[in-house]
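Have a look at start_13.txt below; it lists compact mmCIF, C-alpha atoms.
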```txt
# COMPACT_ATOMS: atom_id res chain seq x y z
CA MET A 1 -14.59 33.38 -66.70
CA LYS A 2 -16.08 30.52 -64.73
CA ILE A 3 -19.61 30.50 -63.29
CA LYS A 4 -19.25 30.85 -59.52
CA CYS A 5 -21.81 28.68 -57.75
CA LEU A 6 -23.05 28.13 -54.21
CA ILE A 7 -24.63 24.86 -53.03
CA VAL A 8 -27.36 25.29 -50.40
CA ASP A 9 -28.61 21.93 -49.14
CA ASP A 10 -28.81 20.39 -45.66
CA GLU A 11 -28.05 16.90 -46.98
CA THR A 12 -24.35 16.07 -47.33
CA LEU A 13 -25.05 13.38 -49.93
CA ALA A 14 -27.00 15.85 -52.09
CA GLN A 15 -24.11 18.31 -51.90
CA LYS A 16 -21.67 15.60 -52.97
CA VAL A 17 -23.78 14.71 -56.03
CA ILE A 18 -23.67 18.32 -57.23
CA GLU A 19 -19.96 18.55 -56.45
CA LYS A 20 -19.35 15.46 -58.55
CA TYR A 21 -21.34 16.83 -61.49
CA VAL A 22 -19.67 20.26 -61.28
CA ALA A 23 -16.24 18.60 -61.32
CA ASP A 24 -17.01 17.33 -64.83
CA ILE A 25 -17.92 20.79 -66.19
CA SER A 26 -14.94 23.09 -66.71
CA SER A 27 -17.02 26.28 -66.91
CA ILE A 28 -18.27 26.09 -63.29
CA GLU A 29 -16.58 26.34 -59.92
CA ILE A 30 -17.96 25.97 -56.40
CA VAL A 31 -17.19 28.95 -54.17
CA GLY A 32 -19.17 27.80 -51.14
CA LYS A 33 -21.47 25.23 -49.53
CA ALA A 34 -24.18 25.86 -46.93
CA LYS A 35 -26.59 23.66 -45.00
CA ASN A 36 -29.13 26.40 -44.26
CA ALA A 37 -30.22 29.90 -45.28
CA MET A 38 -28.16 31.68 -42.61
CA GLN A 39 -24.92 30.04 -43.75
CA ALA A 40 -25.83 30.84 -47.36
CA MET A 41 -26.39 34.51 -46.53
CA ASP A 42 -22.97 34.73 -44.89
CA ILE A 43 -21.33 33.34 -48.02
CA LEU A 44 -23.28 35.70 -50.29
CA ASN A 45 -22.08 38.65 -48.22
CA GLU A 46 -18.47 37.53 -48.55
CA LYS A 47 -18.18 36.13 -52.06
CA GLU A 48 -19.28 36.78 -55.60
CA VAL A 49 -21.90 34.19 -56.57
CA ASP A 50 -23.45 33.80 -60.04
CA LEU A 51 -25.57 30.72 -59.39
CA ILE A 52 -27.17 28.99 -56.39
CA PHE A 53 -28.18 25.33 -56.33
CA LEU A 54 -31.00 25.65 -53.79
CA ASP A 55 -32.80 22.94 -51.86
CA ILE A 56 -36.34 23.67 -50.64
CA ASN A 57 -36.83 21.58 -47.53
CA MET A 58 -34.24 22.87 -45.05
CA PRO A 59 -34.26 23.60 -41.29
CA LYS A 60 -35.29 27.03 -39.91
CA MET A 61 -36.10 28.52 -43.34
CA SER A 62 -37.14 26.86 -46.58
CA GLY A 63 -35.27 27.50 -49.79
CA LEU A 64 -38.16 29.41 -51.33
CA SER A 65 -38.55 31.59 -48.23
CA PHE A 66 -34.84 32.31 -48.34
CA LEU A 67 -35.08 33.21 -52.03
CA ARG A 68 -37.82 35.74 -51.28
CA THR A 69 -35.53 37.54 -48.82
CA LEU A 70 -32.90 38.25 -51.49
CA LYS A 71 -33.22 41.67 -53.07
CA ASN A 72 -31.03 40.90 -56.08
CA PRO A 73 -30.59 37.12 -56.14
CA PRO A 74 -28.10 35.32 -58.35
CA MET A 75 -29.43 32.81 -60.85
CA ILE A 76 -31.20 29.94 -59.08
CA ILE A 77 -31.51 26.24 -59.87
CA ILE A 78 -33.88 24.48 -57.46
CA THR A 79 -32.75 20.98 -56.41
CA THR A 80 -35.44 19.14 -54.46
CA ALA A 81 -37.33 15.89 -54.00
CA TYR A 82 -40.65 17.79 -53.93
CA ARG A 83 -42.34 18.29 -57.29
CA GLU A 84 -45.25 20.30 -55.90
CA TYR A 85 -43.21 23.50 -55.53
CA ALA A 86 -42.26 23.75 -59.21
CA TYR A 87 -44.89 26.37 -60.10
CA GLU A 88 -43.97 28.52 -57.12
CA GLY A 89 -40.30 28.21 -58.01
CA PHE A 90 -40.79 29.42 -61.56
CA GLU A 91 -42.95 32.27 -60.26
CA LEU A 92 -39.77 33.38 -58.49
CA ASP A 93 -37.93 33.34 -61.82
CA VAL A 94 -35.64 30.36 -61.18
CA ILE A 95 -33.57 29.09 -64.10
CA ASP A 96 -34.54 25.44 -63.69
CA TYR A 97 -36.16 22.96 -61.27
CA LEU A 98 -34.35 19.66 -60.74
CA ASN A 99 -36.15 16.81 -58.99
CA LYS A 100 -33.91 14.53 -56.91
CA PRO A 101 -32.45 12.19 -57.87
CA PHE A 102 -31.46 13.83 -61.16
CA SER A 103 -29.02 12.55 -63.76
CA PHE A 104 -25.89 14.27 -65.02
CA GLU A 105 -27.61 14.78 -68.38
CA ARG A 106 -30.49 16.63 -66.72
CA PHE A 107 -28.02 18.64 -64.63
CA LEU A 108 -26.06 19.61 -67.76
CA LYS A 109 -29.27 20.77 -69.45
CA ALA A 110 -29.88 23.14 -66.53
CA ILE A 111 -26.32 24.47 -66.76
CA ASN A 112 -26.79 25.11 -70.48
CA LYS A 113 -29.75 27.33 -69.58
CA VAL A 114 -27.54 29.26 -67.17
CA GLN A 115 -24.89 29.76 -69.83
CA GLU A 116 -27.45 30.95 -72.36
CA LYS A 117 -28.82 33.46 -69.87
CA MET A 118 -25.33 34.75 -69.11
CA LYS A 119 -24.56 35.15 -72.81
CA SER A 120 -27.78 37.07 -73.29
CA SER A 121 -27.03 39.34 -70.32
CA ASN A 122 -23.48 40.00 -71.51
CA SER A 123 -24.73 40.85 -74.98
CA LYS A 124 -27.16 43.40 -73.58
CA SER A 125 -24.66 44.94 -71.18
CA ASN A 126 -21.94 45.24 -73.84
CA TYR A 127 -24.18 46.92 -76.40
CA VAL A 128 -24.05 50.35 -74.78
CA LEU A 129 -20.32 50.84 -75.20
CA ASP A 130 -18.64 48.02 -77.07
CA GLU A 131 -20.53 48.59 -80.29
CA SER A 132 -20.35 52.37 -80.27
CA SER A 133 -17.82 54.94 -81.33
CA ARG A 134 -15.85 57.16 -78.96
CA GLN A 135 -18.37 59.95 -79.55
CA GLN A 136 -21.24 57.66 -78.51
CA ILE A 137 -19.31 56.60 -75.41
CA ASP A 138 -18.92 60.23 -74.42
CA GLU A 139 -22.66 60.73 -74.82
CA SER A 140 -23.74 57.63 -72.84
CA PHE A 141 -25.20 57.84 -69.37
CA ILE A 142 -27.05 55.96 -66.67
CA PHE A 143 -29.73 57.01 -64.19
CA VAL A 144 -29.21 56.19 -60.50
CA LYS A 145 -31.37 56.95 -57.49
CA SER A 146 -29.89 58.39 -54.30
CA GLU A 147 -32.42 58.77 -51.49
CA LYS A 148 -35.36 60.57 -53.15
CA THR A 149 -33.45 62.03 -56.08
CA THR A 150 -32.64 60.35 -59.39
CA TYR A 151 -29.40 61.50 -61.02
CA LYS A 152 -28.26 61.33 -64.61
CA VAL A 153 -24.60 60.28 -64.53
CA ASN A 154 -22.50 60.64 -67.67
CA LEU A 155 -20.29 57.59 -68.15
CA LYS A 156 -17.37 59.75 -69.29
CA ASP A 157 -17.34 61.40 -65.85
CA ILE A 158 -17.23 58.19 -63.78
CA LEU A 159 -13.93 57.25 -62.14
CA PHE A 160 -14.96 54.06 -60.34
CA PHE A 161 -17.69 52.29 -58.35
CA GLU A 162 -17.28 51.01 -54.80
CA SER A 163 -19.61 48.56 -53.05
CA VAL A 164 -20.33 49.50 -49.42
CA GLY A 165 -22.72 47.03 -47.79
CA ASP A 166 -26.11 47.33 -49.50
CA TYR A 167 -25.04 50.53 -51.28
CA VAL A 168 -22.71 51.53 -54.10
CA LYS A 169 -20.66 54.72 -54.17
CA ILE A 170 -20.23 56.19 -57.64
CA TYR A 171 -17.11 58.38 -57.82
CA THR A 172 -17.22 60.97 -60.59
CA GLN A 173 -14.96 63.87 -61.53
CA ASP A 174 -16.70 66.28 -59.15
CA LYS A 175 -18.86 64.32 -56.68
CA VAL A 176 -19.70 61.00 -55.03
CA ILE A 177 -23.22 59.56 -55.36
CA MET A 178 -24.41 56.78 -53.06
CA THR A 179 -27.15 54.57 -54.48
CA TYR A 180 -29.08 51.71 -52.89
CA GLN A 181 -28.39 48.79 -55.22
CA THR A 182 -25.82 46.09 -55.80
CA LEU A 183 -22.58 46.36 -57.72
CA LYS A 184 -23.70 43.37 -59.78
CA LYS A 185 -26.79 45.27 -60.96
CA LEU A 186 -24.69 48.24 -62.05
CA GLU A 187 -22.20 45.90 -63.69
CA SER A 188 -25.01 44.56 -65.91
CA MET A 189 -25.65 48.11 -67.17
CA LEU A 190 -22.06 48.70 -68.26
CA SER A 191 -19.56 47.50 -70.82
CA ALA A 192 -17.14 45.01 -69.31
CA THR A 193 -14.47 46.35 -71.66
CA HIS A 194 -14.70 49.97 -70.54
CA PHE A 195 -15.87 49.33 -66.97
CA PRO A 196 -14.21 46.08 -65.82
CA ARG A 197 -14.84 44.63 -62.39
CA VAL A 198 -11.44 44.37 -60.72
CA HIS A 199 -12.48 43.32 -57.22
CA LYS A 200 -15.65 42.03 -55.54
CA SER A 201 -16.15 45.60 -54.29
CA TYR A 202 -14.87 47.69 -57.24
CA ILE A 203 -15.58 48.49 -60.89
CA VAL A 204 -13.24 50.98 -62.56
CA SER A 205 -13.35 53.13 -65.67
CA ILE A 206 -10.53 51.82 -67.83
CA SER A 207 -10.00 55.28 -69.35
CA LYS A 208 -9.47 56.90 -65.93
CA ILE A 209 -6.64 54.62 -64.80
CA ASN A 210 -3.48 56.65 -64.19
CA SER A 211 -1.28 53.65 -63.45
CA PHE A 212 -1.25 50.20 -61.86
CA GLU A 213 1.38 48.13 -60.13
CA GLY A 214 1.07 44.71 -58.58
CA ASN A 215 -2.45 44.44 -57.18
CA GLN A 216 -3.13 48.20 -57.01
CA ILE A 217 -4.77 50.55 -59.53
CA ASN A 218 -4.32 54.30 -59.18
CA ILE A 219 -7.15 56.60 -60.22
CA ASN A 220 -7.00 60.28 -59.21
CA ASP A 221 -4.53 59.48 -56.42
CA GLN A 222 -6.82 56.80 -54.99
CA ASN A 223 -5.56 53.23 -54.80
CA ILE A 224 -8.01 50.49 -55.75
CA PRO A 225 -7.22 46.80 -55.09
CA ILE A 226 -7.27 44.14 -57.79
CA GLY A 227 -8.86 40.95 -56.47
CA ARG A 228 -7.09 37.64 -57.00
CA ASN A 229 -10.04 36.25 -58.99
CA TYR A 230 -10.06 39.30 -61.28
CA LYS A 231 -6.31 39.72 -61.85
CA GLN A 232 -6.00 37.60 -65.01
CA GLY A 233 -9.08 39.14 -66.63
CA PHE A 234 -7.75 42.62 -65.91
CA ASN A 235 -4.33 41.80 -67.35
CA ASP A 236 -5.93 40.34 -70.49
CA LEU A 237 -8.03 43.48 -70.92
CA ILE A 238 -5.01 45.76 -70.53
CA GLU A 239 -3.24 43.78 -73.24
CA THR A 240 -6.07 44.50 -75.70
CA PHE A 241 -5.56 48.22 -75.14
CA SER A 242 -1.77 48.03 -75.31
CA GLY A 243 -1.82 46.12 -78.58
CA LYS A 244 0.24 43.20 -77.28
```

The structure given in the file should be rewritten as structure tokens.
Amino acid sequence: MKIKCLIVDDETLAQKVIEKYVADISSIEIVGKAKNAMQAMDILNEKEVDLIFLDINMPKMSGLSFLRTLKNPPMIIITTAYREYAYEGFELDVIDYLNKPFSFERFLKAINKVQEKMKSSNSKSNYVLDESSRQQIDESFIFVKSEKTTYKVNLKDILFFESVGDYVKIYTQDKVIMTYQTLKKLESMLSATHFPRVHKSYIVSISKINSFEGNQININDQNIPIGRNYKQGFNDLIETFSGK
């Protein structure tokens, strides 16, 4: 699956340089471009973004100020002409800091860091279920906080997850728990094989699927949409379970 990136820079020329570099790397795709923090926030609310190329010196709000407002930011690569903000950028846990003008080779080095981080994250998230037996799957659980109470939720009881604004609804066999966190955060805690993301707003339990047809999955008489960007991945996963 490609790395979905967002370019946030008020300079059109700077955006075009990144676009040109991205065009030469098959593992990345641009899902949006913004000239300021407000436009970037709108895109983040509408689309799934794995990586932001973020300029610092922008109108109304600087890139670093914008980054501080994000509760669960995607991976960040700073792209700026100002070297003096490097320390502050790394304090905010950015992946890399590119000084303009930067070469394609330097850009590619930054992307390699992103890919290594994603591999590491996937390895950790898959460990819980992918490397365990069915008995271990049945015994696995996560802890989620809802208001002032923290709940232990058994993975075998989960039907699906639904993102609702800044919250996620966890549908289980006997109740619905609403927790204040992102779907992406929960996704990192789960096995992509047993809990695939099928839409920007939904993660499903593969074992609880009753049926699917077209772009709809049925779980306990509830229809869940399959997003266009997730359709192929879902079909490939189903094939691994069907033995095709």

Would you mind listing what lies within 9 Å of Glu187 in chain A as a list in words, with all atoms listed in the file counted and same-chain residues fewer than 6 positions away left out?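 What passes the distance filter is Ser125, Phe195, Pro196, Arg197 and Ile203 of chain A.
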
CA of Thr193 in chain A to CA of Gln222 in chain A, straight-line distance in Å: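 Spanning CA of Gln222 in chain A to CA of Thr193 in chain A is a straight-line distance of 21.1 Å.
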
Give me the residues within 12 Å of Asn99 in chain A as a PyMOL selection string, counting all atoms listed in the file and dropping any in the same chain fewer than 2 places off. chain A and resi 14+53-56+77-86+96-97+101-103+106-107+110

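Residues in contact with Asn45 in chain A at 9 Å, where only C-alpha atoms are counted and same-chain residues fewer than 4 positions away are skipped, are listed as Ala40, Met41 and Gly165 of chain A.
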
Could those residues be written to a file, using C-alpha atoms, as an mmCIF file, keeping the file's coordinate frame?
```cif
data_model
loop_
_atom_site.group_PDB
_atom_site.id
_atom_site.type_symbol
_atom_site.label_atom_id
_atom_site.label_comp_id
_atom_site.auth_asym_id
_atom_site.auth_seq_id
_atom_site.Cartn_x
_atom_site.Cartn_y
_atom_site.Cartn_z
ATOM 1 C CA ALA A 40 -25.830 30.840 -47.360
ATOM 2 C CA MET A 41 -26.390 34.510 -46.530
ATOM 3 C CA GLY A 165 -22.720 47.030 -47.790
#
```

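The shortest atom-to-atom distance to Ser65 in chain A, with all atoms listed in the file taken into account, belongs to A:Glu88 out of A:Glu88, A:Glu239, A:Met189, A:Leu51.
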